[in-house]
Structures are given as C-alpha cells and as structure tokens.
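Participant: For reference, the structure I am asking about is given below.
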Amino acid sequence: MAKIQVKTKINGEETEFLCQPYDTVLDVLRRDLNMTGTKEVCSTGDCGACSITMDGRLVCSCLVLAAETEDKNIETIEGMAKNGNFNVLQKTFLEHAALQCGICTPGMLVAAKSLLEKNTNPTETEIRYWLAGNLCRCTGYDKIVKAVQAAAEEIRENA
Amino acid sequence: MSEVKFISPETIEQAVDAYSKSSKEGKTKILAGGTDLLVQIRSGISQPDTIIDIKNIKELKEISNDNGSYTIGAAVAGAVLDEEEDFGNNWPGVLEALRLIGSEQIQGRASLGGNLCNASPAGDSVPALIASGATVKLQGPEGERNMPIESFHVGPGKTNLKNGEIVVNFQFPKKQKHSGDAYLRMIPRTEMDIAVVGCAVNVTIENDKCVDARVALGAVAPTALLVEDASKALIGSNFEKEAVEKAALACEAACNPIDDKRGTISYRKKVSKVLFKRALEKAIERAKRG
C-alpha cells in the first residue's frame with residue numbers, strides 16, 4: 001500500500017516519516033521514531049498515557065492520525081527536559097514521589113505542563129479536573145496534585 | 001486490505017466532491033476531531049477506505065460574531081471555543097454542554113459538528129444546540145441548505161445528511177435580552193461519563209413573564225428531543241409552580257428511553273423531570289442577569 005509522506009516538527013526538530021492512513025501519531029512515535037516515552041495503554045482516549053501537545057493543544061496521540069500532523073508542531077515528553085535539566089514538574093514529581101509504576105507519568109507531566117502554561121495558579125479542583133483524563137492506578141492522585149501545586153508555586157516565584 | 005485513502009481538502013467544494021464520489025464506491029468517513037472515529041477504526045467497528053480530514057478547510061474552523069449572531073465552524077474544538085470568552089457569555093449552556101464531553105485531551109479535538117454527526121442519542125451538545133435555536137448549514141453536491149438541529153437526526157447513528165453532504169457550521173440566533181440557557185446532565189460519576197439524561201433549557205423573560213422557552217432532552221429517546229409541550233407550558237407563565245410542574249410532566253411524557261445498565265426506563269423518566277427543573281432554575285437565573 002502506498003504510504004503517506006508527512007513532514008512535521010517534533011520537539012522543535014523537523015521530522016519526516018512515512019505512515020499508513022490508519023496509523024496514529026502514537027504508532028509512529030513509538031514504532032517508527034523510537035520515541036517510546038509516550039506510553040500506549042488504552043488506545044481509546046480514556047487514560048491519557050499517550051498525551052502530547054499539537055500546536056500547543058493537549059491531545060491523546062492515540063486519537064490523532066499520523067497523516068494529520070503535516071506542518072504541525074508536536075511536543076512529547078522527550079522534549080520536556082532541556083539540555084539535561086529537568087522541567088520543574090519533573091523535579092517536583094520526584095520530590096513528592098508522585099509516581100510508582102511510572103506508566104502514567106509522561107502523560108501526567110505533559111498534561112500538567114499544558115495546564116501550568118495556561119494557569120500558573122490553579123486551584124486543587126482545577127488541577128483535578130484538568131488531569132481527569134489521565135488515569136493513575138498507583139498513587140491515588142494526591143501526590144500528583146501536590147507535585148503540580150509545588151511546581152506552580154515555583155513557577156510563580158520565579159516569574 | 002484494499003488501498004485506504006487519506007484526503008485533506010482545503011475547500012468545501014473539494015471535500016464535497018471527494019465525499020460524494022468516494023461514498024458511491026465504498027465506505028468514506030469524514031474526520032473532524034476523530035475522538036469517536038479513531039476509536040471506531042481501532043475496534044474494527046468502522047473500516048473506511050477513504051478518510052476525509054476536513055480540518056484544513058477554513059470555514060469549518062472559523063468562529064465569527066456578526067452583531068451578536070454567532071457562526072461556529074463544525075470542526076472547532078471545545079478547548080478553542082472555550083477561549084472565545086464572549087461566546088460563553090452568550091450561550092453558556094451550549095458551551096458547558098460541549099465542554100462536558102470527555103477530558104481536556106478530548107476537548108483539544110472534539111467538535112460540535114462531530115458530536116452532531118456521530119448521532120449518539122446521548123451526545124451532550126445536541127440538546128443544548130436544540131434549545132439555543134441554532135441551525136446547521138450543510139453543503140452537498142446539490143448545494144447548500146440549512147436545517148434546525150432538532151430535524152438533523154433520524155435515530156441512533158442516523159442522520160438526515162444526503163450522499164456527499166457535510167456539516168459546514170452552526171448558526172446561532174442573536175441572543176435575546178434577558179434570556180439565558182443552561183444544560184445539565186445526570187451521570188453516575190462526576191466527570192467523564194455518558195449522559196443517562198441530559199436536559200437543556202433556554203428562556204427569555206420580560207417583566208417577570210416567560211415570553212419564550214425552548215426545552216430539549218437527550219439520552220431519553222432514539223434522538224435528542226425538542227419538547228414543545230414543555231415550552232408551551234412555560235410561555236406566558238411567571239414560572240409559577242403549576243406551570244413548571246406541567247412542563248416537567250411534558251418532559252416525562254416525551255421520554256421514550258432504553259433500559260440499560262446506565263439507567264432503567266422509569267429512572268430516566270423520573271430524572272428528566274428533576275433535571276428539567278434544575279436546568280430551568282439555572283436558565284432563569286442567567287436570563288435575569290442579562
């Protein structure tokens with residue numbers, strides 16, 4: 001079958017790939033581009049483990065066709081740490097032990113980053129609603145919420 | 001598998017042309033936000049041989065406000081519409097209905113057009129659109145036409161779209177002074193669920209009297225319903241207890257629900273009355289404010 005050629009930007013880098021019409025962004029990231037930081041869990045948009053941003057918008061990469069990403073700007077978990085330095089959220093997640101098995105963590109981080117870019121002073125309710133699409137079966141969410149609050153505080157202090 | 005085609009046209013004409021040709025030969029699906037379609041493809045429920053991505057068409061992504069009358073492109077995502085502050089001031093009920101669908105991730109993609117065309121009886125935005133009095137603009141091989149939202153659906157998953165016809169945008173009437181809309185849904189949890197009952201109310205008040213009312217229900221019949229008897233009971237009233245009760249009974253009478261794990265028939269009927277009263281209260285409060 002003829003493959004579709006796609007040119008897109010991933011974490012600031014021009015990227016070209018070939019894909020099938022039914023391939024999702026998640027398929028291409030993990031299978032073809034060897035970017036396995038983005039996790040595959042439910043594949044139906046329920047769990048948020050595959051969260052990425054596309055043109056700054058938080059989306060599930062399992063619900064975006066790879067062919068749709070022509071000329072888009074994609075950010076994944078791999079682009080979060082800069083020059084070997086953790087993003088503030090990565091740091092506070094570690095400090096607050098906001099992960100156990102770690103499968104939900106990349107999605108949580110990407111989603112939380114997208115919230116803090118919109119709102120550096122979210123209430124606990126706002127954090128919980130924003131992260132309602134990211135399922136975690138280990139932590140009970142409390143530590144995750146605290147880590148996001150701590151990161152928000154740090155961002156506000158450094159503003 | 002035969003060759004699957006992915007097309008992303010830049011004009012409505014190109015999309016309609018491709019859609020009408022390909023749907024004669026095989027299974028074609030229009031791709032808006034993809035939050036339903038991709039799940040259907042992955043599970044094998046839908047195996048289209050042509051996918052037409054309509055998100056590169058300008059009109060379908062546009063939001064415009066012509067002197068208080070909004071036009072919202074069919075593929076505008078919930079998170080995008082949410083940032084259009086004035087739309088939420090005019091049609092808070094429509095916005096809250098659309099924003100109830102799924103998580104923030106889903107909101108980055110899910111659209112009014114997709115929710116309408118997916119044609120689930122429980123689609124949250126549909127009752128709110130009906131109550132608002134919005135119409136939908138369709139374009140097909142035979143040209144353009146407009147349709148009230150309440151005429152769009154035939155049954156679960158079935159619409160009145162003709163071969164090759166696509167949804168272009170939603171046109172909202174100019175919001176009346178002292179009018180307000182609201183949408184509420186009943187779900188067993190607090191977030192991320194499918195409505196057991198949904199109810200939208202839009203009222204206009206003049207000198208404490210109800211001069212206009214539209215009431216719509218979702219998830220209680222094969223399609224979302226405009227409950228005209230409820231509107232009739234409210235119009236001309238001061239929202240006195242008897243009038244509200246009469247309208248609530250009209251809601252209950254309009255229900256023709258299924259019995260399933262989410263809710264029994266008698267439960268859905270009962271909840272339709274309760275939800276109507278709560279949504280009405282919220283709509284009245286908003287109408288009085290502006």
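A note on labels: chains of the structure tokens are A, B, ... as shown, every chain counts residues from 1, and ligands are counted from 1 in their shown order.
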Mind running region 89-190 of chain B against region 70-81 of chain B at 9 Å and telling me each contacting residue's nearest atom pair with the distance in Å (one decimal), counting only C-alpha atoms, chain and number ascending, as JSON lines?
Facilitator:
{"residue": "B:Leu95", "atom": "CA", "partner": "B:Leu81", "partner_atom": "CA", "distance": 7.7}
{"residue": "B:Leu98", "atom": "CA", "partner": "B:Gly78", "partner_atom": "CA", "distance": 6.2}
{"residue": "B:Arg99", "atom": "CA", "partner": "B:Gly78", "partner_atom": "CA", "distance": 5.9}
{"residue": "B:Ile101", "atom": "CA", "partner": "B:Gly78", "partner_atom": "CA", "distance": 8.6}
{"residue": "B:Glu104", "atom": "CA", "partner": "B:Ala79", "partner_atom": "CA", "distance": 7.5}
{"residue": "B:Ile106", "atom": "CA", "partner": "B:Gly78", "partner_atom": "CA", "distance": 8.4}
{"residue": "B:Gln107", "atom": "CA", "partner": "B:Gly78", "partner_atom": "CA", "distance": 4.9}
{"residue": "B:Gly108", "atom": "CA", "partner": "B:Ala79", "partner_atom": "CA", "distance": 5.3}
{"residue": "B:Arg109", "atom": "CA", "partner": "B:Ala77", "partner_atom": "CA", "distance": 5.0}
{"residue": "B:Ala110", "atom": "CA", "partner": "B:Ala77", "partner_atom": "CA", "distance": 5.1}
{"residue": "B:Ser111", "atom": "CA", "partner": "B:Ala77", "partner_atom": "CA", "distance": 4.5}
{"residue": "B:Leu112", "atom": "CA", "partner": "B:Ala74", "partner_atom": "CA", "distance": 5.8}
{"residue": "B:Gly113", "atom": "CA", "partner": "B:Ala74", "partner_atom": "CA", "distance": 4.2}
{"residue": "B:Gly114", "atom": "CA", "partner": "B:Ala75", "partner_atom": "CA", "distance": 7.1}
{"residue": "B:Val136", "atom": "CA", "partner": "B:Ala74", "partner_atom": "CA", "distance": 8.8}
{"residue": "B:Val167", "atom": "CA", "partner": "B:Ala74", "partner_atom": "CA", "distance": 6.3}
{"residue": "B:Val168", "atom": "CA", "partner": "B:Ala74", "partner_atom": "CA", "distance": 5.4}
{"residue": "B:Asn169", "atom": "CA", "partner": "B:Gly73", "partner_atom": "CA", "distance": 4.3}
{"residue": "B:Phe170", "atom": "CA", "partner": "B:Ile72", "partner_atom": "CA", "distance": 5.2}
{"residue": "B:Gln171", "atom": "CA", "partner": "B:Thr71", "partner_atom": "CA", "distance": 4.6}
{"residue": "B:Phe172", "atom": "CA", "partner": "B:Tyr70", "partner_atom": "CA", "distance": 5.2}
{"residue": "B:Pro173", "atom": "CA", "partner": "B:Tyr70", "partner_atom": "CA", "distance": 7.2}
{"residue": "B:Lys174", "atom": "CA", "partner": "B:Tyr70", "partner_atom": "CA", "distance": 7.4}
Participant: Name the residues in contact with Asn73 (chain A) at a cut-off of 7 Å, using only C-alpha atoms, excluding same-chain residues fewer than 2 positions from it; report them as a PyMOL selection string.
Facilitator: chain A and resi 8-10+54-55+71+75
Participant: With only C-alpha atoms as the counted atoms, please give the residues lying no more than 8 Å from Leu131 (chain A), apart from itself and same-chain residues fewer than 4 positions off, as a PyMOL selection string.
Facilitator: (chain A and resi 108+111-112+127) or (chain B and resi 103-104)
Participant: At a cut-off of 7 Å, list the chain A residues touching chain B, using only C-alpha atoms, as a list in words.
Facilitator: Met1, Pro21, Thr44, Arg57, Leu58, Val59, Cys60, Leu63, Val64, Trp130, Ala132 and Gly133 of chain A
Participant: Given the choices A:Ala2, A:Ala49, A:Tyr141, A:Leu109, which gets closest to Lys91 (chain A) if the distance is worked out from only C-alpha atoms?
Facilitator: A:Leu109
Participant: One decimal, Å: what's the distance from CA of Asp46 (chain A) over to CA of Phe87 (chain B), could you say?
Facilitator: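 Going from CA of Asp46 (chain A) over to CA of Phe87 (chain B), I get 28.0 Å.
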Participant: Applying 8 Å and only C-alpha atoms, which residues near Pro122 (chain A) remain after dropping the ones on its own chain fewer than 5 positions away? List them as a list of chain:residue names.
Facilitator: A:Leu116, A:Ile127, A:Gln149, A:Ala152
Participant: Rank nothing, just name the residue among B:Pro257, B:Val215, B:Asp181, B:Leu116 nearest to Glu228 (chain B), using only C-alpha atoms.
Facilitator: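 The answer is B:Val215, which sits nearest to Glu228 (chain B).
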Participant: Could you pull out the alpha helix (DSSP H) residues of region 67-228 of chain B, going by DSSP on the backbone, and write them as a PyMOL selection string?
Facilitator: chain B and resi 78-82+85-90+92-99+104-107+112-118+125-132+228
Participant: Give me the residues near region 119-121 of chain B as a PDB file with C-alpha atoms, in the first residue's frame, where near means some atom within 7 Å (using only C-alpha atoms) and where sequence neighbours in that chain fewer than 6 positions away do not count.
Facilitator:
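Here's the written file part.pdb:
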ATOM      1  CA  HIS B 153     -31.228  13.109  13.473  1.00  0.00           C
ATOM      2  CA  PRO B 156     -29.078   6.336  16.829  1.00  0.00           C
ATOM      3  CA  GLY B 157     -26.155   6.840  14.428  1.00  0.00           C
ATOM      4  CA  LYS B 158     -28.502   8.001  11.657  1.00  0.00           C
ATOM      5  CA  THR B 159     -28.832  11.499  10.250  1.00  0.00           C
ATOM      6  CA  GLY B 218     -31.013  13.950  25.492  1.00  0.00           C
ATOM      7  CA  ALA B 219     -30.394  10.242  26.184  1.00  0.00           C
ATOM      8  CA  ALA B 221     -35.144   8.634  23.177  1.00  0.00           C
ATOM      9  CA  PRO B 222     -33.569   7.426  19.895  1.00  0.00           C
ATOM     10  CA  THR B 223     -32.692  11.084  19.163  1.00  0.00           C
ATOM     11  CA  ALA B 224     -32.419  14.245  21.229  1.00  0.00           C
TER      12      ALA B 224
END
Participant: Which residues are near Ala147 (chain A)? Cut-off 9 Å, only C-alpha atoms, ignore same chain within fewer than 2 positions. Put them as a list in words.
Facilitator: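 Neighbouring residues, sequence-local ones excluded: Leu89, Gln90, Lys91, Thr92, Phe93, Leu94, Glu95, His96, Ala97, Ala98, Asp142, Lys143, Ile144, Val145, Gln149, Ala150, Ala151 and Ala152 of chain A.
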Participant: If you keep C-alpha atoms, can you produce a file of those selected residues as a PDB file, in the first residue's frame?
Facilitator:
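Writing done, so here's out_4.pdb:
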ATOM      1  CA  LEU A  89       7.301  19.461  37.041  1.00  0.00           C
ATOM      2  CA  GLN A  90       9.692  16.543  36.570  1.00  0.00           C
ATOM      3  CA  LYS A  91      11.585  17.767  39.633  1.00  0.00           C
ATOM      4  CA  THR A  92       8.504  18.198  41.843  1.00  0.00           C
ATOM      5  CA  PHE A  93       7.107  14.814  40.736  1.00  0.00           C
ATOM      6  CA  LEU A  94      10.299  13.218  42.053  1.00  0.00           C
ATOM      7  CA  GLU A  95      10.347  15.306  45.235  1.00  0.00           C
ATOM      8  CA  HIS A  96       6.736  14.438  46.024  1.00  0.00           C
ATOM      9  CA  ALA A  97       7.056  10.787  44.993  1.00  0.00           C
ATOM     10  CA  ALA A  98       4.222  11.407  42.560  1.00  0.00           C
ATOM     11  CA  ASP A 142      -2.904  13.026  45.882  1.00  0.00           C
ATOM     12  CA  LYS A 143       0.841  13.148  45.442  1.00  0.00           C
ATOM     13  CA  ILE A 144       0.438  14.082  41.796  1.00  0.00           C
ATOM     14  CA  VAL A 145      -1.819  17.010  42.700  1.00  0.00           C
ATOM     15  CA  GLN A 149       0.837  22.602  43.133  1.00  0.00           C
ATOM     16  CA  ALA A 150       4.509  22.729  44.125  1.00  0.00           C
ATOM     17  CA  ALA A 151       5.582  23.236  40.519  1.00  0.00           C
ATOM     18  CA  ALA A 152       3.010  26.001  40.091  1.00  0.00           C
TER      19      ALA A 152
END
Participant: Please identify all polymer residues within 12 Å of region 265-268 of chain B, counting only C-alpha atoms, omitting same-chain residues fewer than 4 positions from it, and present them as an MDAnalysis selection string.
Facilitator: chainID B and resid 185:187 195:199 217:221 251:261 272:276
Participant: Restricting it to N, CA and C atoms, dump the selection as a PDB file, in the first residue's frame.
Facilitator:
ATOM      1  N   ARG B 185     -26.627  17.419  32.930  1.00  0.00           N
ATOM      2  CA  ARG B 185     -26.778  16.000  32.608  1.00  0.00           C
ATOM      3  C   ARG B 185     -26.641  15.198  33.893  1.00  0.00           C
ATOM      4  N   MET B 186     -27.266  14.049  33.877  1.00  0.00           N
ATOM      5  CA  MET B 186     -27.157  13.132  35.003  1.00  0.00           C
ATOM      6  C   MET B 186     -26.185  12.027  34.601  1.00  0.00           C
ATOM      7  N   ILE B 187     -25.109  11.877  35.391  1.00  0.00           N
ATOM      8  CA  ILE B 187     -24.194  10.756  35.204  1.00  0.00           C
ATOM      9  C   ILE B 187     -23.895  10.165  36.574  1.00  0.00           C
ATOM     10  N   ALA B 195     -24.119  10.619  29.311  1.00  0.00           N
ATOM     11  CA  ALA B 195     -25.348  11.060  29.971  1.00  0.00           C
ATOM     12  C   ALA B 195     -26.362   9.927  30.103  1.00  0.00           C
ATOM     13  N   VAL B 196     -26.992   9.849  31.280  1.00  0.00           N
ATOM     14  CA  VAL B 196     -28.151   8.975  31.482  1.00  0.00           C
ATOM     15  C   VAL B 196     -29.401   9.766  31.077  1.00  0.00           C
ATOM     16  N   VAL B 197     -29.380  11.036  31.432  1.00  0.00           N
ATOM     17  CA  VAL B 197     -30.367  12.007  30.948  1.00  0.00           C
ATOM     18  C   VAL B 197     -29.635  13.331  30.783  1.00  0.00           C
ATOM     19  N   GLY B 198     -29.958  14.067  29.721  1.00  0.00           N
ATOM     20  CA  GLY B 198     -29.429  15.420  29.560  1.00  0.00           C
ATOM     21  C   GLY B 198     -30.596  16.350  29.324  1.00  0.00           C
ATOM     22  N   CYS B 199     -30.526  17.555  29.878  1.00  0.00           N
ATOM     23  CA  CYS B 199     -31.631  18.500  29.650  1.00  0.00           C
ATOM     24  C   CYS B 199     -31.096  19.910  29.439  1.00  0.00           C
ATOM     25  N   LEU B 217     -34.303  17.503  25.483  1.00  0.00           N
ATOM     26  CA  LEU B 217     -33.822  16.373  26.288  1.00  0.00           C
ATOM     27  C   LEU B 217     -32.894  15.490  25.471  1.00  0.00           C
ATOM     28  N   GLY B 218     -31.908  14.908  26.138  1.00  0.00           N
ATOM     29  CA  GLY B 218     -31.013  13.950  25.492  1.00  0.00           C
ATOM     30  C   GLY B 218     -30.976  12.648  26.260  1.00  0.00           C
ATOM     31  N   ALA B 219     -30.599  11.573  25.588  1.00  0.00           N
ATOM     32  CA  ALA B 219     -30.394  10.242  26.184  1.00  0.00           C
ATOM     33  C   ALA B 219     -31.673   9.562  26.671  1.00  0.00           C
ATOM     34  N   VAL B 220     -32.831  10.114  26.296  1.00  0.00           N
ATOM     35  CA  VAL B 220     -34.085   9.500  26.743  1.00  0.00           C
ATOM     36  C   VAL B 220     -34.956   9.024  25.577  1.00  0.00           C
ATOM     37  N   ALA B 221     -34.397   9.050  24.373  1.00  0.00           N
ATOM     38  CA  ALA B 221     -35.144   8.634  23.177  1.00  0.00           C
ATOM     39  C   ALA B 221     -34.117   8.316  22.086  1.00  0.00           C
ATOM     40  N   CYS B 251     -41.993  16.851  29.857  1.00  0.00           N
ATOM     41  CA  CYS B 251     -40.668  16.234  29.646  1.00  0.00           C
ATOM     42  C   CYS B 251     -40.757  14.730  29.863  1.00  0.00           C
ATOM     43  N   GLU B 252     -41.387  14.366  30.974  1.00  0.00           N
ATOM     44  CA  GLU B 252     -41.510  12.938  31.297  1.00  0.00           C
ATOM     45  C   GLU B 252     -42.271  12.201  30.182  1.00  0.00           C
ATOM     46  N   ALA B 253     -43.343  12.841  29.700  1.00  0.00           N
ATOM     47  CA  ALA B 253     -44.178  12.213  28.674  1.00  0.00           C
ATOM     48  C   ALA B 253     -43.428  12.065  27.345  1.00  0.00           C
ATOM     49  N   ALA B 254     -42.474  12.973  27.106  1.00  0.00           N
ATOM     50  CA  ALA B 254     -41.735  12.934  25.836  1.00  0.00           C
ATOM     51  C   ALA B 254     -40.686  11.808  25.808  1.00  0.00           C
ATOM     52  N   CYS B 255     -40.327  11.321  26.995  1.00  0.00           N
ATOM     53  CA  CYS B 255     -39.258  10.310  27.081  1.00  0.00           C
ATOM     54  C   CYS B 255     -39.694   8.978  26.467  1.00  0.00           C
ATOM     55  N   ASN B 256     -38.781   8.399  25.720  1.00  0.00           N
ATOM     56  CA  ASN B 256     -39.001   7.064  25.187  1.00  0.00           C
ATOM     57  C   ASN B 256     -37.666   6.326  25.272  1.00  0.00           C
ATOM     58  N   PRO B 257     -37.195   6.136  26.508  1.00  0.00           N
ATOM     59  CA  PRO B 257     -35.801   5.702  26.684  1.00  0.00           C
ATOM     60  C   PRO B 257     -35.608   4.200  26.583  1.00  0.00           C
ATOM     61  N   ILE B 258     -34.320   3.811  26.527  1.00  0.00           N
ATOM     62  CA  ILE B 258     -33.973   2.396  26.610  1.00  0.00           C
ATOM     63  C   ILE B 258     -33.708   2.047  28.066  1.00  0.00           C
ATOM     64  N   ASP B 259     -33.780   0.774  28.343  1.00  0.00           N
ATOM     65  CA  ASP B 259     -33.476   0.224  29.658  1.00  0.00           C
ATOM     66  C   ASP B 259     -32.076  -0.339  29.562  1.00  0.00           C
ATOM     67  N   ASP B 260     -31.096   0.227  30.220  1.00  0.00           N
ATOM     68  CA  ASP B 260     -29.772  -0.397  30.157  1.00  0.00           C
ATOM     69  C   ASP B 260     -29.034  -0.216  31.474  1.00  0.00           C
ATOM     70  N   LYS B 261     -27.762  -0.639  31.465  1.00  0.00           N
ATOM     71  CA  LYS B 261     -27.007  -0.620  32.724  1.00  0.00           C
ATOM     72  C   LYS B 261     -26.847   0.790  33.289  1.00  0.00           C
ATOM     73  N   SER B 272     -35.645  12.951  34.225  1.00  0.00           N
ATOM     74  CA  SER B 272     -35.883  14.008  33.233  1.00  0.00           C
ATOM     75  C   SER B 272     -36.655  15.177  33.853  1.00  0.00           C
ATOM     76  N   LYS B 273     -37.580  14.863  34.747  1.00  0.00           N
ATOM     77  CA  LYS B 273     -38.356  15.924  35.418  1.00  0.00           C
ATOM     78  C   LYS B 273     -37.465  16.742  36.357  1.00  0.00           C
ATOM     79  N   VAL B 274     -36.678  16.025  37.140  1.00  0.00           N
ATOM     80  CA  VAL B 274     -35.810  16.688  38.124  1.00  0.00           C
ATOM     81  C   VAL B 274     -34.778  17.568  37.417  1.00  0.00           C
ATOM     82  N   LEU B 275     -34.185  16.994  36.394  1.00  0.00           N
ATOM     83  CA  LEU B 275     -33.129  17.712  35.681  1.00  0.00           C
ATOM     84  C   LEU B 275     -33.689  18.943  34.966  1.00  0.00           C
ATOM     85  N   PHE B 276     -34.895  18.781  34.416  1.00  0.00           N
ATOM     86  CA  PHE B 276     -35.543  19.922  33.758  1.00  0.00           C
ATOM     87  C   PHE B 276     -35.711  21.071  34.739  1.00  0.00           C
TER      88      PHE B 276
END
Participant: With distances taken over only C-alpha atoms, which of B:Arg214, B:Ala200, B:Pro188, B:Ile45 is nearest to Arg262 (chain B)?
Facilitator: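 Nearest to Arg262 (chain B): B:Pro188.
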Participant: Apply DSSP to the structure's backbone, then extract all residues of chain A labelled strand (DSSP E or B) and return them as a list in words.
Facilitator: Ile4, Gln5, Val6, Lys7, Thr8, Lys9, Ile10, Glu13, Glu14, Thr15, Glu16, Phe17, Leu18, Cys19, Thr24, Ser51, Ile52, Thr53, Met54, Arg57, Leu58, Val59, Cys60, Leu65, Asn73, Ile74, Glu75, Lys82 and Asn85 of chain A
Participant: Grab the residues selected above and save them as a compact mmCIF listing (two decimals), in the first residue's frame with N, CA and C atoms.
Facilitator:
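Now in part.txt:
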# COMPACT_ATOMS: atom_id res chain seq x y z
N ILE A 4 1.93 7.34 3.17
CA ILE A 4 1.77 8.79 3.14
C ILE A 4 3.05 9.42 3.71
N GLN A 5 3.55 10.42 3.01
CA GLN A 5 4.74 11.10 3.49
C GLN A 5 4.33 12.32 4.30
N VAL A 6 4.85 12.43 5.51
CA VAL A 6 4.46 13.53 6.39
C VAL A 6 5.70 14.27 6.88
N LYS A 7 5.58 15.59 6.86
CA LYS A 7 6.66 16.44 7.36
C LYS A 7 6.09 17.23 8.53
N THR A 8 6.71 17.09 9.67
CA THR A 8 6.17 17.76 10.85
C THR A 8 7.32 18.14 11.79
N LYS A 9 6.98 18.92 12.81
CA LYS A 9 8.02 19.31 13.76
C LYS A 9 7.75 18.59 15.07
N ILE A 10 8.74 17.85 15.57
CA ILE A 10 8.58 17.17 16.85
C ILE A 10 9.63 17.68 17.82
N GLU A 13 12.19 19.84 16.27
CA GLU A 13 13.02 19.32 15.18
C GLU A 13 12.18 18.94 13.97
N GLU A 14 12.59 19.39 12.80
CA GLU A 14 11.90 18.99 11.56
C GLU A 14 12.01 17.47 11.43
N THR A 15 10.89 16.82 11.24
CA THR A 15 10.90 15.36 11.14
C THR A 15 10.08 14.92 9.93
N GLU A 16 10.57 13.93 9.23
CA GLU A 16 9.80 13.37 8.13
C GLU A 16 9.59 11.89 8.39
N PHE A 17 8.40 11.42 8.09
CA PHE A 17 8.17 9.98 8.21
C PHE A 17 7.15 9.52 7.19
N LEU A 18 7.10 8.21 7.00
CA LEU A 18 6.10 7.59 6.13
C LEU A 18 5.12 6.84 7.03
N CYS A 19 3.83 6.94 6.70
CA CYS A 19 2.86 6.23 7.53
C CYS A 19 1.72 5.68 6.68
N THR A 24 -1.75 5.98 13.90
CA THR A 24 -1.91 7.15 14.77
C THR A 24 -0.54 7.77 15.02
N SER A 51 -0.60 11.29 26.16
CA SER A 51 -0.77 12.74 25.96
C SER A 51 0.45 13.39 25.31
N ILE A 52 0.15 14.24 24.33
CA ILE A 52 1.17 15.09 23.69
C ILE A 52 0.50 16.45 23.47
N THR A 53 1.26 17.44 23.02
CA THR A 53 0.57 18.63 22.55
C THR A 53 0.82 18.77 21.05
N MET A 54 -0.22 19.27 20.36
CA MET A 54 -0.11 19.50 18.92
C MET A 54 -0.53 20.96 18.70
N ARG A 57 -1.92 22.41 21.79
CA ARG A 57 -3.17 21.89 22.32
C ARG A 57 -2.95 20.48 22.87
N LEU A 58 -3.39 20.25 24.09
CA LEU A 58 -3.25 18.93 24.70
C LEU A 58 -4.18 17.93 24.02
N VAL A 59 -3.63 16.81 23.54
CA VAL A 59 -4.43 15.79 22.86
C VAL A 59 -3.90 14.39 23.22
N CYS A 60 -4.72 13.38 22.97
CA CYS A 60 -4.26 12.00 23.09
C CYS A 60 -3.65 11.60 21.74
N LEU A 65 -4.55 10.89 13.84
CA LEU A 65 -3.89 10.13 12.77
C LEU A 65 -2.55 10.79 12.45
N ASN A 73 3.13 21.28 14.94
CA ASN A 73 4.18 21.39 15.93
C ASN A 73 3.85 20.46 17.09
N ILE A 74 4.60 19.38 17.20
CA ILE A 74 4.28 18.38 18.21
C ILE A 74 5.30 18.42 19.35
N GLU A 75 4.79 18.36 20.57
CA GLU A 75 5.68 18.28 21.73
C GLU A 75 5.38 16.99 22.48
N LYS A 82 15.26 20.17 29.29
CA LYS A 82 16.05 20.95 28.33
C LYS A 82 17.52 20.89 28.73
N ASN A 85 18.48 19.27 31.83
CA ASN A 85 17.88 19.75 33.07
C ASN A 85 16.39 19.44 33.09
